[in-house]
file structure-v2.cif (mmCIF, N, CA and C atoms and all ligand atoms)
data_start
loop_
_atom_site.label_atom_id
_atom_site.label_comp_id
_atom_site.auth_asym_id
_atom_site.auth_seq_id
_atom_site.Cartn_x
_atom_site.Cartn_y
_atom_site.Cartn_z
N MET K 1233 -2.01 0.88 -24.80
CA MET K 1233 -2.51 1.24 -23.47
C MET K 1233 -1.71 0.54 -22.39
N LYS K 1234 -1.41 1.28 -21.38
CA LYS K 1234 -0.63 0.71 -20.28
C LYS K 1234 -1.56 -0.13 -19.40
N SER K 1235 -1.11 -1.33 -19.06
CA SER K 1235 -1.93 -2.17 -18.18
C SER K 1235 -1.81 -1.68 -16.75
N HIS K 1236 -2.92 -1.72 -16.08
CA HIS K 1236 -2.88 -1.37 -14.67
C HIS K 1236 -2.88 -2.63 -13.83
N VAL K 1237 -1.91 -2.73 -12.97
CA VAL K 1237 -1.82 -3.90 -12.11
C VAL K 1237 -2.27 -3.49 -10.73
N SER K 1238 -3.31 -4.15 -10.24
CA SER K 1238 -3.81 -3.84 -8.91
C SER K 1238 -3.18 -4.81 -7.91
N LEU K 1239 -2.55 -4.26 -6.90
CA LEU K 1239 -1.89 -5.10 -5.90
C LEU K 1239 -2.85 -5.40 -4.76
N GLU K 1240 -2.95 -6.66 -4.39
CA GLU K 1240 -3.78 -7.03 -3.25
C GLU K 1240 -2.89 -7.25 -2.06
N VAL K 1241 -3.09 -6.48 -1.02
CA VAL K 1241 -2.18 -6.56 0.12
C VAL K 1241 -2.92 -6.91 1.41
N GLN K 1242 -2.15 -7.45 2.33
CA GLN K 1242 -2.72 -7.83 3.62
C GLN K 1242 -1.71 -7.51 4.72
N CYS K 1243 -2.18 -7.61 5.97
CA CYS K 1243 -1.35 -7.32 7.13
C CYS K 1243 -0.31 -8.43 7.31
N PRO K 1244 0.98 -8.06 7.50
CA PRO K 1244 2.00 -9.08 7.73
C PRO K 1244 1.86 -9.76 9.10
N PHE K 1245 1.04 -9.19 9.99
CA PHE K 1245 0.90 -9.74 11.34
C PHE K 1245 -0.36 -10.60 11.49
N CYS K 1246 -1.53 -10.02 11.15
CA CYS K 1246 -2.78 -10.78 11.36
C CYS K 1246 -3.30 -11.38 10.05
N MET K 1247 -2.64 -11.07 8.92
CA MET K 1247 -2.98 -11.64 7.61
C MET K 1247 -4.34 -11.21 7.08
N LYS K 1248 -4.99 -10.26 7.75
CA LYS K 1248 -6.28 -9.79 7.24
C LYS K 1248 -6.05 -8.83 6.08
N SER K 1249 -7.00 -8.80 5.19
CA SER K 1249 -6.86 -8.01 3.97
C SER K 1249 -6.98 -6.51 4.26
N PHE K 1250 -6.21 -5.72 3.52
CA PHE K 1250 -6.32 -4.26 3.60
C PHE K 1250 -7.22 -3.72 2.49
N MET K 1251 -7.70 -4.61 1.62
CA MET K 1251 -8.45 -4.14 0.48
C MET K 1251 -9.83 -3.65 0.90
N CYS K 1252 -10.21 -2.49 0.40
CA CYS K 1252 -11.50 -1.90 0.75
C CYS K 1252 -12.36 -1.81 -0.50
N GLU K 1253 -13.40 -2.64 -0.52
CA GLU K 1253 -14.27 -2.69 -1.71
C GLU K 1253 -15.19 -1.47 -1.79
N GLU K 1254 -15.52 -0.90 -0.65
CA GLU K 1254 -16.49 0.21 -0.65
C GLU K 1254 -15.88 1.48 -1.22
N HIS K 1255 -14.58 1.59 -1.06
CA HIS K 1255 -13.93 2.81 -1.51
C HIS K 1255 -12.98 2.47 -2.65
N LYS K 1256 -13.44 2.69 -3.86
CA LYS K 1256 -12.61 2.33 -5.01
C LYS K 1256 -11.85 3.54 -5.53
N LEU K 1257 -10.62 3.30 -5.97
CA LEU K 1257 -9.83 4.34 -6.62
C LEU K 1257 -9.41 3.78 -7.96
N HIS K 1258 -9.64 4.54 -9.03
CA HIS K 1258 -9.37 4.07 -10.39
C HIS K 1258 -10.06 2.73 -10.63
N SER K 1259 -11.25 2.58 -10.10
CA SER K 1259 -12.13 1.41 -10.23
C SER K 1259 -11.57 0.12 -9.63
N PHE K 1260 -10.51 0.20 -8.84
CA PHE K 1260 -10.02 -0.95 -8.09
C PHE K 1260 -10.25 -0.71 -6.60
N PRO K 1261 -10.42 -1.78 -5.83
CA PRO K 1261 -10.53 -1.59 -4.38
C PRO K 1261 -9.29 -0.86 -3.86
N SER K 1262 -9.47 0.03 -2.91
CA SER K 1262 -8.33 0.77 -2.37
C SER K 1262 -7.70 0.00 -1.22
N ILE K 1263 -6.54 0.44 -0.80
CA ILE K 1263 -5.85 -0.15 0.35
C ILE K 1263 -6.14 0.74 1.55
N LYS K 1264 -6.85 0.19 2.53
CA LYS K 1264 -7.25 1.00 3.67
C LYS K 1264 -6.33 0.76 4.87
N LEU K 1265 -5.76 1.84 5.39
CA LEU K 1265 -4.85 1.73 6.53
C LEU K 1265 -5.18 2.83 7.53
N ASN K 1266 -4.81 2.60 8.79
CA ASN K 1266 -4.89 3.67 9.77
C ASN K 1266 -3.61 4.48 9.71
N VAL K 1267 -3.74 5.79 9.86
CA VAL K 1267 -2.56 6.65 9.82
C VAL K 1267 -2.52 7.55 11.05
N MET K 1268 -1.31 7.94 11.41
CA MET K 1268 -1.11 8.79 12.56
C MET K 1268 0.01 9.79 12.25
N THR K 1269 -0.29 11.06 12.38
CA THR K 1269 0.73 12.10 12.26
C THR K 1269 1.03 12.55 13.70
N PRO K 1270 2.03 13.41 13.90
CA PRO K 1270 2.29 13.86 15.28
C PRO K 1270 1.06 14.50 15.94
N THR K 1271 0.10 14.99 15.17
CA THR K 1271 -1.04 15.69 15.77
C THR K 1271 -2.39 15.02 15.56
N GLN K 1272 -2.50 14.14 14.58
CA GLN K 1272 -3.83 13.59 14.25
C GLN K 1272 -3.79 12.10 13.97
N ARG K 1273 -4.97 11.50 14.08
CA ARG K 1273 -5.16 10.11 13.68
C ARG K 1273 -6.27 10.06 12.66
N GLY K 1274 -6.18 9.12 11.75
CA GLY K 1274 -7.25 9.00 10.76
C GLY K 1274 -7.08 7.74 9.96
N THR K 1275 -7.76 7.71 8.82
CA THR K 1275 -7.59 6.58 7.92
C THR K 1275 -7.17 7.10 6.56
N ILE K 1276 -6.53 6.24 5.81
CA ILE K 1276 -6.10 6.61 4.46
C ILE K 1276 -6.50 5.50 3.50
N HIS K 1277 -6.86 5.87 2.31
CA HIS K 1277 -7.11 4.91 1.24
C HIS K 1277 -6.06 5.14 0.17
N LEU K 1278 -5.21 4.15 -0.04
CA LEU K 1278 -4.18 4.26 -1.07
C LEU K 1278 -4.68 3.56 -2.32
N CYS K 1279 -4.31 4.11 -3.46
CA CYS K 1279 -4.65 3.44 -4.70
C CYS K 1279 -3.86 2.13 -4.78
N SER K 1280 -4.53 1.06 -5.19
CA SER K 1280 -3.85 -0.24 -5.23
C SER K 1280 -3.18 -0.50 -6.57
N VAL K 1281 -3.30 0.44 -7.49
CA VAL K 1281 -2.66 0.26 -8.80
C VAL K 1281 -1.16 0.51 -8.67
N TYR K 1282 -0.39 -0.43 -9.12
CA TYR K 1282 1.06 -0.33 -9.02
C TYR K 1282 1.56 0.92 -9.75
N GLU K 1283 2.38 1.69 -9.08
CA GLU K 1283 2.96 2.92 -9.58
C GLU K 1283 1.97 4.07 -9.66
N CYS K 1284 0.87 3.96 -8.97
CA CYS K 1284 -0.05 5.10 -8.84
C CYS K 1284 0.03 5.57 -7.40
N PHE K 1285 0.16 6.87 -7.19
CA PHE K 1285 0.35 7.37 -5.83
C PHE K 1285 -0.88 8.11 -5.30
N ASP K 1286 -1.99 7.97 -5.99
CA ASP K 1286 -3.20 8.65 -5.52
C ASP K 1286 -3.65 8.10 -4.19
N HIS K 1287 -4.12 8.96 -3.34
CA HIS K 1287 -4.65 8.51 -2.06
C HIS K 1287 -5.61 9.54 -1.52
N VAL K 1288 -6.48 9.09 -0.63
CA VAL K 1288 -7.46 9.96 0.00
C VAL K 1288 -7.38 9.71 1.50
N SER K 1289 -7.30 10.78 2.26
CA SER K 1289 -7.24 10.61 3.70
C SER K 1289 -8.28 11.51 4.36
N ASP K 1290 -8.78 11.09 5.52
CA ASP K 1290 -9.76 11.93 6.21
C ASP K 1290 -9.08 12.94 7.15
N ILE K 1291 -7.75 12.91 7.19
CA ILE K 1291 -7.03 13.95 7.93
C ILE K 1291 -6.08 14.67 6.98
N GLU K 1292 -5.75 15.89 7.33
CA GLU K 1292 -4.82 16.67 6.52
C GLU K 1292 -3.40 16.26 6.88
N ILE K 1293 -2.65 15.78 5.90
CA ILE K 1293 -1.27 15.39 6.16
C ILE K 1293 -0.35 16.38 5.45
N PRO K 1294 0.36 17.22 6.22
CA PRO K 1294 1.25 18.19 5.57
C PRO K 1294 2.36 17.48 4.81
N ASP K 1295 2.77 18.07 3.70
CA ASP K 1295 3.84 17.51 2.90
C ASP K 1295 5.09 17.30 3.74
N LYS K 1296 5.82 16.24 3.46
CA LYS K 1296 7.08 15.90 4.11
C LYS K 1296 6.92 15.30 5.52
N THR K 1297 5.69 15.18 6.00
CA THR K 1297 5.46 14.58 7.31
C THR K 1297 5.70 13.07 7.24
N ILE K 1298 6.35 12.53 8.27
CA ILE K 1298 6.46 11.07 8.34
C ILE K 1298 5.20 10.55 9.03
N VAL K 1299 4.51 9.68 8.34
CA VAL K 1299 3.22 9.18 8.81
C VAL K 1299 3.40 7.77 9.35
N GLU K 1300 2.79 7.51 10.50
CA GLU K 1300 2.82 6.14 11.01
C GLU K 1300 1.62 5.40 10.44
N PHE K 1301 1.89 4.25 9.87
CA PHE K 1301 0.82 3.44 9.31
C PHE K 1301 0.57 2.26 10.24
N THR K 1302 -0.69 2.01 10.57
CA THR K 1302 -1.00 0.84 11.39
C THR K 1302 -2.12 0.04 10.74
N CYS K 1303 -2.17 -1.24 11.10
CA CYS K 1303 -3.20 -2.14 10.58
C CYS K 1303 -4.55 -1.78 11.20
N PRO K 1304 -5.60 -1.60 10.38
CA PRO K 1304 -6.92 -1.28 10.94
C PRO K 1304 -7.55 -2.46 11.69
N HIS K 1305 -6.99 -3.66 11.55
CA HIS K 1305 -7.55 -4.84 12.23
C HIS K 1305 -6.85 -5.11 13.56
N CYS K 1306 -5.51 -5.17 13.55
CA CYS K 1306 -4.80 -5.53 14.77
C CYS K 1306 -3.98 -4.37 15.36
N ASN K 1307 -4.02 -3.23 14.69
CA ASN K 1307 -3.34 -2.02 15.18
C ASN K 1307 -1.83 -2.10 15.28
N LYS K 1308 -1.23 -3.11 14.70
CA LYS K 1308 0.23 -3.18 14.74
C LYS K 1308 0.84 -2.18 13.76
N GLU K 1309 1.98 -1.63 14.14
CA GLU K 1309 2.68 -0.70 13.26
C GLU K 1309 3.27 -1.43 12.08
N LEU K 1310 3.13 -0.82 10.91
CA LEU K 1310 3.60 -1.47 9.69
C LEU K 1310 4.96 -0.95 9.25
N LEU K 1311 5.56 -0.08 10.07
CA LEU K 1311 6.88 0.44 9.72
C LEU K 1311 7.92 -0.66 9.91
N VAL K 1312 8.88 -0.70 9.02
CA VAL K 1312 9.97 -1.66 9.15
C VAL K 1312 11.28 -0.92 9.42
N LYS K 1313 12.30 -1.65 9.79
CA LYS K 1313 13.57 -1.03 10.17
C LYS K 1313 14.30 -0.37 9.00
N GLU K 1314 13.93 -0.79 7.82
CA GLU K 1314 14.57 -0.27 6.63
C GLU K 1314 14.32 1.23 6.44
N GLU K 1315 15.35 1.95 5.94
CA GLU K 1315 15.18 3.38 5.69
C GLU K 1315 15.01 3.65 4.20
N CYS K 1316 14.24 4.69 3.92
CA CYS K 1316 14.06 5.12 2.54
C CYS K 1316 15.40 5.59 1.98
N LYS K 1317 15.74 5.11 0.81
CA LYS K 1317 17.03 5.48 0.22
C LYS K 1317 17.02 6.91 -0.32
N ILE K 1318 15.85 7.48 -0.47
CA ILE K 1318 15.77 8.85 -0.97
C ILE K 1318 15.76 9.86 0.18
N CYS K 1319 14.93 9.62 1.19
CA CYS K 1319 14.76 10.66 2.21
C CYS K 1319 15.07 10.19 3.63
N GLY K 1320 15.37 8.93 3.84
CA GLY K 1320 15.77 8.46 5.17
C GLY K 1320 14.62 8.14 6.13
N ALA K 1321 13.39 8.31 5.69
CA ALA K 1321 12.23 7.98 6.54
C ALA K 1321 12.08 6.46 6.62
N PRO K 1322 11.39 5.97 7.67
CA PRO K 1322 11.16 4.52 7.73
C PRO K 1322 10.28 4.06 6.57
N MET K 1323 10.50 2.85 6.13
CA MET K 1323 9.66 2.28 5.09
C MET K 1323 8.49 1.53 5.74
N VAL K 1324 7.42 1.39 4.99
CA VAL K 1324 6.23 0.66 5.43
C VAL K 1324 6.14 -0.58 4.56
N SER K 1325 5.92 -1.73 5.17
CA SER K 1325 5.91 -2.97 4.41
C SER K 1325 4.55 -3.64 4.47
N LEU K 1326 3.99 -3.93 3.32
CA LEU K 1326 2.70 -4.61 3.23
C LEU K 1326 2.91 -5.95 2.53
N THR K 1327 2.23 -6.97 2.99
CA THR K 1327 2.38 -8.30 2.39
C THR K 1327 1.43 -8.46 1.22
N LEU K 1328 1.96 -8.95 0.11
CA LEU K 1328 1.11 -9.22 -1.05
C LEU K 1328 0.44 -10.57 -0.88
N LYS K 1329 -0.84 -10.63 -1.25
CA LYS K 1329 -1.58 -11.89 -1.11
C LYS K 1329 -0.95 -13.01 -1.90
N THR K 1330 -0.36 -12.64 -3.03
CA THR K 1330 0.21 -13.65 -3.91
C THR K 1330 1.64 -14.01 -3.53
N GLY K 1331 2.16 -13.42 -2.44
CA GLY K 1331 3.54 -13.66 -2.06
C GLY K 1331 4.39 -12.43 -2.34
N GLY K 1332 5.45 -12.27 -1.59
CA GLY K 1332 6.27 -11.08 -1.73
C GLY K 1332 5.69 -9.94 -0.90
N ARG K 1333 6.24 -8.75 -1.09
CA ARG K 1333 5.73 -7.63 -0.33
C ARG K 1333 5.94 -6.34 -1.10
N VAL K 1334 5.22 -5.31 -0.71
CA VAL K 1334 5.41 -4.02 -1.31
C VAL K 1334 5.82 -3.06 -0.20
N ASN K 1335 6.90 -2.32 -0.45
CA ASN K 1335 7.39 -1.36 0.53
C ASN K 1335 7.14 0.05 0.03
N ILE K 1336 6.62 0.89 0.90
CA ILE K 1336 6.40 2.28 0.52
C ILE K 1336 7.04 3.18 1.56
N CYS K 1337 7.44 4.39 1.14
CA CYS K 1337 8.05 5.34 2.06
C CYS K 1337 6.95 5.96 2.92
N SER K 1338 7.25 6.17 4.22
CA SER K 1338 6.23 6.71 5.12
C SER K 1338 6.17 8.23 5.08
N ARG K 1339 7.03 8.87 4.30
CA ARG K 1339 6.99 10.32 4.24
C ARG K 1339 6.05 10.80 3.15
N LYS K 1340 5.12 11.66 3.54
CA LYS K 1340 4.17 12.19 2.57
C LYS K 1340 4.89 12.97 1.50
N GLY K 1341 4.61 12.68 0.25
CA GLY K 1341 5.23 13.41 -0.84
C GLY K 1341 6.45 12.71 -1.41
N CYS K 1342 6.97 11.70 -0.71
CA CYS K 1342 8.11 10.94 -1.25
C CYS K 1342 7.54 9.79 -2.06
N SER K 1343 8.04 9.63 -3.26
CA SER K 1343 7.43 8.64 -4.15
C SER K 1343 8.16 7.31 -4.13
N ASN K 1344 9.11 7.14 -3.19
CA ASN K 1344 9.87 5.90 -3.17
C ASN K 1344 8.98 4.72 -2.77
N HIS K 1345 8.98 3.72 -3.57
CA HIS K 1345 8.24 2.50 -3.25
C HIS K 1345 8.77 1.42 -4.17
N TYR K 1346 8.68 0.22 -3.74
CA TYR K 1346 9.06 -0.86 -4.64
C TYR K 1346 8.39 -2.14 -4.20
N VAL K 1347 8.28 -3.02 -5.13
CA VAL K 1347 7.69 -4.32 -4.85
C VAL K 1347 8.82 -5.33 -4.76
N ALA K 1348 8.86 -6.08 -3.68
CA ALA K 1348 9.88 -7.10 -3.51
C ALA K 1348 9.22 -8.46 -3.66
N PHE K 1349 9.46 -9.06 -4.80
CA PHE K 1349 8.89 -10.38 -5.05
C PHE K 1349 9.93 -11.44 -4.77
N GLU K 1350 9.47 -12.58 -4.34
CA GLU K 1350 10.40 -13.70 -4.23
C GLU K 1350 10.77 -14.16 -5.64
N ASP K 1351 9.78 -14.14 -6.50
CA ASP K 1351 10.00 -14.56 -7.87
C ASP K 1351 9.27 -13.56 -8.78
N LEU K 1352 10.02 -12.54 -9.21
CA LEU K 1352 9.41 -11.42 -9.92
C LEU K 1352 8.58 -11.84 -11.12
N ASN K 1353 9.13 -12.69 -11.95
CA ASN K 1353 8.43 -13.01 -13.20
C ASN K 1353 7.09 -13.68 -12.98
N SER K 1354 7.05 -14.70 -12.15
CA SER K 1354 5.79 -15.43 -12.00
C SER K 1354 4.76 -14.58 -11.27
N GLU K 1355 5.21 -13.73 -10.33
CA GLU K 1355 4.26 -12.88 -9.63
C GLU K 1355 3.63 -11.88 -10.58
N LEU K 1356 4.47 -11.22 -11.36
CA LEU K 1356 3.95 -10.22 -12.29
C LEU K 1356 3.04 -10.87 -13.31
N LEU K 1357 3.42 -12.04 -13.76
CA LEU K 1357 2.62 -12.76 -14.72
C LEU K 1357 1.23 -13.05 -14.16
N SER K 1358 1.18 -13.46 -12.89
CA SER K 1358 -0.13 -13.78 -12.33
C SER K 1358 -0.97 -12.51 -12.17
N PHE K 1359 -0.34 -11.36 -11.94
CA PHE K 1359 -1.11 -10.11 -11.88
C PHE K 1359 -1.72 -9.81 -13.24
N TYR K 1360 -0.89 -9.93 -14.29
CA TYR K 1360 -1.38 -9.60 -15.61
C TYR K 1360 -2.45 -10.59 -16.06
N GLU K 1361 -2.28 -11.86 -15.73
CA GLU K 1361 -3.28 -12.86 -16.07
C GLU K 1361 -4.61 -12.51 -15.43
N LYS K 1362 -4.55 -12.14 -14.17
CA LYS K 1362 -5.75 -11.79 -13.43
C LYS K 1362 -6.43 -10.59 -14.07
N PHE K 1363 -5.60 -9.63 -14.47
CA PHE K 1363 -6.14 -8.42 -15.07
C PHE K 1363 -6.85 -8.76 -16.37
N LYS K 1364 -6.21 -9.60 -17.15
CA LYS K 1364 -6.74 -9.97 -18.45
C LYS K 1364 -8.11 -10.64 -18.34
N TYR K 1365 -8.26 -11.48 -17.33
CA TYR K 1365 -9.52 -12.20 -17.19
C TYR K 1365 -10.52 -11.46 -16.32
N GLY K 1366 -10.21 -10.20 -16.04
CA GLY K 1366 -11.17 -9.39 -15.31
C GLY K 1366 -10.96 -9.47 -13.82
N HIS K 1367 -11.49 -8.49 -13.18
CA HIS K 1367 -11.29 -8.33 -11.75
C HIS K 1367 -12.68 -8.37 -11.13
N ASN K 1368 -13.14 -9.57 -10.85
CA ASN K 1368 -14.53 -9.67 -10.33
C ASN K 1368 -14.56 -9.74 -8.83
N HIS K 1369 -15.24 -8.77 -8.26
CA HIS K 1369 -15.41 -8.80 -6.80
C HIS K 1369 -16.85 -8.46 -6.49
ZN ZN Z 1 -3.11 -6.69 11.31
ZN ZN Z 2 11.28 8.60 1.23
#
call {"tool": "encode", "arguments": {"input": "structure-v2.cif", "output": "structure tokens", "more": "lines below"}}
Ligand SMILES: [Zn+2]
Ligand SMILES: [Zn+2]
result
Amino acid sequence: MKSHVSLEVQCPFCMKSFMCEEHKLHSFPSIKLNVMTPTQRGTIHLCSVYECFDHVSDIEIPDKTIVEFTCPHCNKELLVKEECKICGAPMVSLTLKTGGRVNICSRKGCSNHYVAFEDLNSELLSFYEKFKYGHNH
């Protein structure tokens, strides 16, 4: 069985957590962010499981749209200057609670994302350790 690693992320600006306990996806707390398309504003819940792209949004986001992600606490834009290597859209950067960050592409339907750890081995190890001993919230 493949282990599922749930990433806990927070705002790089105000350091408040993005984890939403009320709305679980795949039995893990989801990542709640504000989203903005050229025509609508809403919220999105991203699955926090690494390499899972499931998400639920209260607005309709057409495929290939570049979505602006903002912090639901301080409203700062989470887009970074970096461009997606696949489609050229801006990347979105979220800070991991354990250190490092996870970058995701802001274009709907593009699956580019990666985790940038300062120290890959120890970070991944701590995720797996946590998983093994249960995820109590
Ligand atoms: Zn914030
Ligand atoms: Zn992309």
call {"tool": "residues_near_ligand", "arguments": {"input": "structure-v2.cif", "ligand": "ligand ZN 2 (chain Z)", "cutoff": "7 Å", "atoms": "only C-alpha atoms and all ligand atoms", "output": "PyMOL selection string"}}
result
chain K and resi 1316-1321+1337-1339+1342-1344
call {"tool": "residues_around", "arguments": {"input": "structure-v2.cif", "residues": "range 1247-1260 of chain K", "least_positions_apart": "2", "cutoff": "8 Å", "atoms": "all atoms listed in the file", "output": "PDB file with N, CA and C atoms, keeping the file's coordinate frame"}}
result
ATOM      1  N   SER K1238      -3.310  -4.150 -10.240  1.00  0.00           N
ATOM      2  CA  SER K1238      -3.810  -3.840  -8.910  1.00  0.00           C
ATOM      3  C   SER K1238      -3.180  -4.810  -7.910  1.00  0.00           C
ATOM      4  N   LEU K1239      -2.550  -4.260  -6.900  1.00  0.00           N
ATOM      5  CA  LEU K1239      -1.890  -5.100  -5.900  1.00  0.00           C
ATOM      6  C   LEU K1239      -2.850  -5.400  -4.760  1.00  0.00           C
ATOM      7  N   GLU K1240      -2.950  -6.660  -4.390  1.00  0.00           N
ATOM      8  CA  GLU K1240      -3.780  -7.030  -3.250  1.00  0.00           C
ATOM      9  C   GLU K1240      -2.890  -7.250  -2.060  1.00  0.00           C
ATOM     10  N   VAL K1241      -3.090  -6.480  -1.020  1.00  0.00           N
ATOM     11  CA  VAL K1241      -2.180  -6.560   0.120  1.00  0.00           C
ATOM     12  C   VAL K1241      -2.920  -6.910   1.410  1.00  0.00           C
ATOM     13  N   GLN K1242      -2.150  -7.450   2.330  1.00  0.00           N
ATOM     14  CA  GLN K1242      -2.720  -7.830   3.620  1.00  0.00           C
ATOM     15  C   GLN K1242      -1.710  -7.510   4.720  1.00  0.00           C
ATOM     16  N   CYS K1243      -2.180  -7.610   5.970  1.00  0.00           N
ATOM     17  CA  CYS K1243      -1.350  -7.320   7.130  1.00  0.00           C
ATOM     18  C   CYS K1243      -0.310  -8.430   7.310  1.00  0.00           C
ATOM     19  N   PRO K1244       0.980  -8.060   7.500  1.00  0.00           N
ATOM     20  CA  PRO K1244       2.000  -9.080   7.730  1.00  0.00           C
ATOM     21  C   PRO K1244       1.860  -9.760   9.100  1.00  0.00           C
ATOM     22  N   PHE K1245       1.040  -9.190   9.990  1.00  0.00           N
ATOM     23  CA  PHE K1245       0.900  -9.740  11.340  1.00  0.00           C
ATOM     24  C   PHE K1245      -0.360 -10.600  11.490  1.00  0.00           C
ATOM     25  N   SER K1262      -9.470   0.030  -2.910  1.00  0.00           N
ATOM     26  CA  SER K1262      -8.330   0.770  -2.370  1.00  0.00           C
ATOM     27  C   SER K1262      -7.700   0.000  -1.220  1.00  0.00           C
ATOM     28  N   ILE K1263      -6.540   0.440  -0.800  1.00  0.00           N
ATOM     29  CA  ILE K1263      -5.850  -0.150   0.350  1.00  0.00           C
ATOM     30  C   ILE K1263      -6.140   0.740   1.550  1.00  0.00           C
ATOM     31  N   LYS K1264      -6.850   0.190   2.530  1.00  0.00           N
ATOM     32  CA  LYS K1264      -7.250   1.000   3.670  1.00  0.00           C
ATOM     33  C   LYS K1264      -6.330   0.760   4.870  1.00  0.00           C
ATOM     34  N   LEU K1265      -5.760   1.840   5.390  1.00  0.00           N
ATOM     35  CA  LEU K1265      -4.850   1.730   6.530  1.00  0.00           C
ATOM     36  C   LEU K1265      -5.180   2.830   7.530  1.00  0.00           C
ATOM     37  N   HIS K1277      -6.860   5.870   2.310  1.00  0.00           N
ATOM     38  CA  HIS K1277      -7.110   4.910   1.240  1.00  0.00           C
ATOM     39  C   HIS K1277      -6.060   5.140   0.170  1.00  0.00           C
ATOM     40  N   LEU K1278      -5.210   4.150  -0.040  1.00  0.00           N
ATOM     41  CA  LEU K1278      -4.180   4.260  -1.070  1.00  0.00           C
ATOM     42  C   LEU K1278      -4.680   3.560  -2.320  1.00  0.00           C
ATOM     43  N   CYS K1279      -4.310   4.110  -3.460  1.00  0.00           N
ATOM     44  CA  CYS K1279      -4.650   3.440  -4.700  1.00  0.00           C
ATOM     45  C   CYS K1279      -3.860   2.130  -4.780  1.00  0.00           C
ATOM     46  N   SER K1280      -4.530   1.060  -5.190  1.00  0.00           N
ATOM     47  CA  SER K1280      -3.850  -0.240  -5.230  1.00  0.00           C
ATOM     48  C   SER K1280      -3.180  -0.500  -6.570  1.00  0.00           C
ATOM     49  N   VAL K1281      -3.300   0.440  -7.490  1.00  0.00           N
ATOM     50  CA  VAL K1281      -2.660   0.260  -8.800  1.00  0.00           C
ATOM     51  C   VAL K1281      -1.160   0.510  -8.670  1.00  0.00           C
ATOM     52  N   ASP K1286      -1.990   7.970  -5.990  1.00  0.00           N
ATOM     53  CA  ASP K1286      -3.200   8.650  -5.520  1.00  0.00           C
ATOM     54  C   ASP K1286      -3.650   8.100  -4.190  1.00  0.00           C
ATOM     55  N   CYS K1303      -2.170  -1.240  11.100  1.00  0.00           N
ATOM     56  CA  CYS K1303      -3.200  -2.140  10.580  1.00  0.00           C
ATOM     57  C   CYS K1303      -4.550  -1.780  11.200  1.00  0.00           C
ATOM     58  N   PRO K1304      -5.600  -1.600  10.380  1.00  0.00           N
ATOM     59  CA  PRO K1304      -6.920  -1.280  10.940  1.00  0.00           C
ATOM     60  C   PRO K1304      -7.550  -2.460  11.690  1.00  0.00           C
ATOM     61  N   HIS K1305      -6.990  -3.660  11.550  1.00  0.00           N
ATOM     62  CA  HIS K1305      -7.550  -4.840  12.230  1.00  0.00           C
ATOM     63  C   HIS K1305      -6.850  -5.110  13.560  1.00  0.00           C
ATOM     64  N   CYS K1306      -5.510  -5.170  13.550  1.00  0.00           N
ATOM     65  CA  CYS K1306      -4.800  -5.530  14.770  1.00  0.00           C
ATOM     66  C   CYS K1306      -3.980  -4.370  15.360  1.00  0.00           C
ATOM     67  N   HIS K1369     -15.240  -8.770  -8.260  1.00  0.00           N
ATOM     68  CA  HIS K1369     -15.410  -8.800  -6.800  1.00  0.00           C
ATOM     69  C   HIS K1369     -16.850  -8.460  -6.490  1.00  0.00           C
TER      70      HIS K1369
END
call {"tool": "residues_around", "arguments": {"input": "structure-v2.cif", "residues": "His1345 in chain K", "least_positions_apart": "6", "cutoff": "8 Å", "atoms": "only N, CA and C atoms", "output": "list in words"}}
result
Val1334, Asn1335, Ile1336 and Cys1337 of chain K
call {"tool": "closest_residue", "arguments": {"input": "structure-v2.cif", "among": "K:Leu1310, K:Ala1348, K:Val1299, K:Met1268", "to": "ligand ZN 1 (chain Z)", "atoms": "only C-alpha atoms and all ligand atoms"}}
result
K:Leu1310
call {"tool": "atom_distance", "arguments": {"input": "structure-v2.cif", "atom1": "CA of Cys1246 in chain K", "atom2": "atom N of Asn1307 in chain K"}}
result
8.3 Å
call {"tool": "closest_residue", "arguments": {"input": "structure-v2.cif", "among": "K:Glu1283, K:Gly1341, K:Val1347, K:Lys1308", "to": "Thr1327 in chain K", "atoms": "only C-alpha atoms"}}
result
K:Val1347
call {"tool": "atom_distance", "arguments": {"input": "structure-v2.cif", "atom1": "atom C of Pro1270 in chain K", "atom2": "atom N of Arg1333 in chain K"}}
result
29.3 Å
call {"tool": "atom_distance", "arguments": {"input": "structure-v2.cif", "atom1": "atom ZN of ligand ZN 1 (chain Z)", "atom2": "CA of Thr1297 in chain K"}}
result
23.3 Å
call {"tool": "closest_residue", "arguments": {"input": "structure-v2.cif", "among": "K:Thr1269, K:Ser1325, K:Thr1302, K:Thr1275", "to": "ligand ZN 1 (chain Z)", "atoms": "all atoms listed in the file"}}
result
K:Thr1302
call {"tool": "select_by_dssp", "arguments": {"input": "structure-v2.cif", "residues": "chain K", "states": "strand (DSSP E)", "output": "NGL selection string"}}
result
:K and (1241-1242 or 1251-1257 or 1260-1268 or 1273-1278 or 1287-1289 or 1300-1302 or 1311-1315 or 1322-1328 or 1333-1337 or 1345-1348)
call {"tool": "closest_residue", "arguments": {"input": "structure-v2.cif", "among": "K:Ser1289, K:Asn1266, K:Thr1330, K:Gln1272", "to": "ligand ZN 1 (chain Z)", "atoms": "only C-alpha atoms and all ligand atoms"}}
result
K:Asn1266
call {"tool": "closest_residue", "arguments": {"input": "structure-v2.cif", "among": "K:Glu1309, K:Lys1296, K:Val1267, K:Gly1274", "to": "ligand ZN 1 (chain Z)", "atoms": "all atoms listed in the file"}}
result
K:Glu1309
call {"tool": "closest_residue", "arguments": {"input": "structure-v2.cif", "among": "K:Gly1331, K:Tyr1346, K:Phe1301, K:Ile1276", "to": "ligand ZN 1 (chain Z)", "atoms": "only C-alpha atoms and all ligand atoms"}}
result
K:Phe1301
call {"tool": "axis_aligned_box", "arguments": {"input": "structure-v2.cif", "around": "range 1274-1292 of chain K", "padding_each_side": "4 Å", "output": "JSON"}}
result
{"center_x": -3.4, "center_y": 8.1, "center_z": 1.0, "size_x": 20.7, "size_y": 25.2, "size_z": 29.5}
